[in-house]
Amino acid sequence: MMRALLRLALPLAVLGALAYGCGVKGTLRPDLPPETTLFVNGAVDTVNHVVKLYWFGSDADGTVSGYEIRFMNPAAPADTNWMFTTRTDSVFTVPSPSGFAAPVFEVRSIDNTGQRDPSPARQDFKFSNQPPTVMLSQKPGVNDTTFASVTVSWNANDPDGDGSKMQFRVWLDGNEASPEITALRRFTMPTAQFRVAGALTSAYRKLYVQAIDDGGRAGNVDSVRWFVRKPTTGDRARLLIVDDVPTSNTSNARFDSLFANN
């Protein structure tokens, strides 16, 4: 009798264990969201307005398919929108036209099921931006006279940014509100800008140039003043030939001969 009970109890125990095991394996756990980590190489307290940031994500029950990043910066409201990327690092140029900005950077991971990290990695920053400098290098002399056109060039420097990304504002007299914009370091002021009430006149004129760096900060203003003569008509009309080739040019002697002969 005892042996019969043992033979019956063993299959029941096995069936119970199998039934219990199937119940555990059949239970679906909820999909866990990913986690995000953010870090910056170097100090965080008042850094340059050009900064490189790094981040990565992990997902306990899947994979990370990408990230969404944003800068919450009052100086650039459009940057508050989330932007998708698959990168894990990037160099940012933070708009700081006043010379200082205190934005917040956030990044969140997105897993393979589309879930986003509910608590994005967040870092407060303090960015400084030093103003660029500009100095006219080729310009009319004090005693020079031109007609209504002039070409100038300048040297410029950005102490804490990318100098190749600077832009320049160039204007005549009081037209600072509507300047010409160029990324070059040489500019020819159009004749139309010399008109006063629609006419070209003879008078002293003043040209200004100002640099703006990649963070939007404007630097000093350099200027030059010279005499501009209105066009002459009739029998007294003359042709003005300007030698605009610098002495450092290898073809300077040839052009000097051309101008002298003319």
# chains A, B, ... in the order shown; residues from 1 in each chain; ligands from 1
>>> residues_around(residues="Ala203 in chain A", least_positions_apart="2", cutoff="8 Å", atoms="only C-alpha atoms", output="MDAnalysis selection string")
chainID A and resid 201 205 227:229
>>> write_last_selection(atoms="C-alpha atoms", output="PDB file, in the first residue's frame")
ATOM      1  CA  THR A 201      27.399 113.821 -53.893  1.00  0.00           C
ATOM      2  CA  ARG A 205      32.248 109.549 -45.989  1.00  0.00           C
ATOM      3  CA  PHE A 227      36.686 111.999 -49.412  1.00  0.00           C
ATOM      4  CA  VAL A 228      34.257 110.697 -52.023  1.00  0.00           C
ATOM      5  CA  ARG A 229      33.759 112.744 -55.209  1.00  0.00           C
TER       6      ARG A 229
END
>>> residues_around(residues="Ser90 in chain A", least_positions_apart="4", cutoff="8 Å", atoms="only C-alpha atoms", output="list in words")
Lys52, Leu53 and Tyr54 of chain A
>>> write_last_selection(atoms="C-alpha atoms", output="PDB file, in the first residue's frame")
ATOM      1  CA  LYS A  52      31.911  68.851 -26.606  1.00  0.00           C
ATOM      2  CA  LEU A  53      29.436  66.615 -24.757  1.00  0.00           C
ATOM      3  CA  TYR A  54      29.218  62.825 -24.482  1.00  0.00           C
TER       4      TYR A  54
END
>>> atom_distance(atom1="CA of Ile110 in chain A", atom2="CA of Asn73 in chain A")
23.2 Å
>>> closest_atom_pairs(of="range 36-136 of chain A", to="range 175-185 of chain A", cutoff="12 Å", atoms="only C-alpha atoms", output="tab-separated table")
residue	atom	partner	partner_atom	distance
A:Val134	CA	A:Arg185	CA	9.7
A:Met135	CA	A:Arg185	CA	10.3
A:Leu136	CA	A:Arg185	CA	9.4
>>> write_last_selection(atoms="N, CA, C and O atoms", output="JSON list (two decimals), in the first residue's frame")
[["chain", "number", "residue", "atom", "x", "y", "z"],
["A", 134, "VAL", "N", 38.41, 93.22, -34.74],
["A", 134, "VAL", "CA", 38.60, 93.47, -36.16],
["A", 134, "VAL", "C", 39.42, 94.75, -36.32],
["A", 134, "VAL", "O", 39.29, 95.68, -35.51],
["A", 135, "MET", "N", 40.28, 94.78, -37.37],
["A", 135, "MET", "CA", 41.07, 95.98, -37.66],
["A", 135, "MET", "C", 41.25, 96.08, -39.17],
["A", 135, "MET", "O", 41.69, 95.12, -39.82],
["A", 136, "LEU", "N", 40.88, 97.22, -39.72],
["A", 136, "LEU", "CA", 41.06, 97.44, -41.15],
["A", 136, "LEU", "C", 42.54, 97.42, -41.50],
["A", 136, "LEU", "O", 43.35, 98.07, -40.83]]
>>> closest_residue(among="A:Arg236, A:Arg186, A:Arg217, A:Arg70", to="Ser137 in chain A", atoms="only C-alpha atoms")
A:Arg186
>>> select_by_dssp(residues="range 75-237 of chain A", states="strand (DSSP E)", output="number ranges by chain")
A: 83-85, 89-93, 100-101, 104-111, 121-124, 127-128, 133-138, 145-146, 150-157, 167-172, 180-182, 186-189, 203-212, 218-228
>>> atom_distance(atom1="CA of Ser164 in chain A", atom2="CA of Lys206 in chain A")
26.7 Å
>>> atom_distance(atom1="CA of Thr63 in chain A", atom2="CA of Val51 in chain A")
28.1 Å
>>> closest_residue(among="A:Pro140, A:Gly219, A:Gly161, A:Gly114", to="Asp244 in chain A", atoms="only C-alpha atoms")
A:Pro140
>>> closest_residue(among="A:Thr232, A:Asn155, A:Thr113, A:Thr146", to="Thr191 in chain A", atoms="only C-alpha atoms")
A:Thr146
>>> closest_residue(among="A:Asn220, A:Ser109, A:Ser128, A:Thr88", to="Phe39 in chain A", atoms="only C-alpha atoms")
A:Thr88
>>> residues_around(residues="Phe255 in chain A", least_positions_apart="6", cutoff="12 Å", atoms="only C-alpha atoms", output="ChimeraX atom specification")
/A:241-247,249,261-262
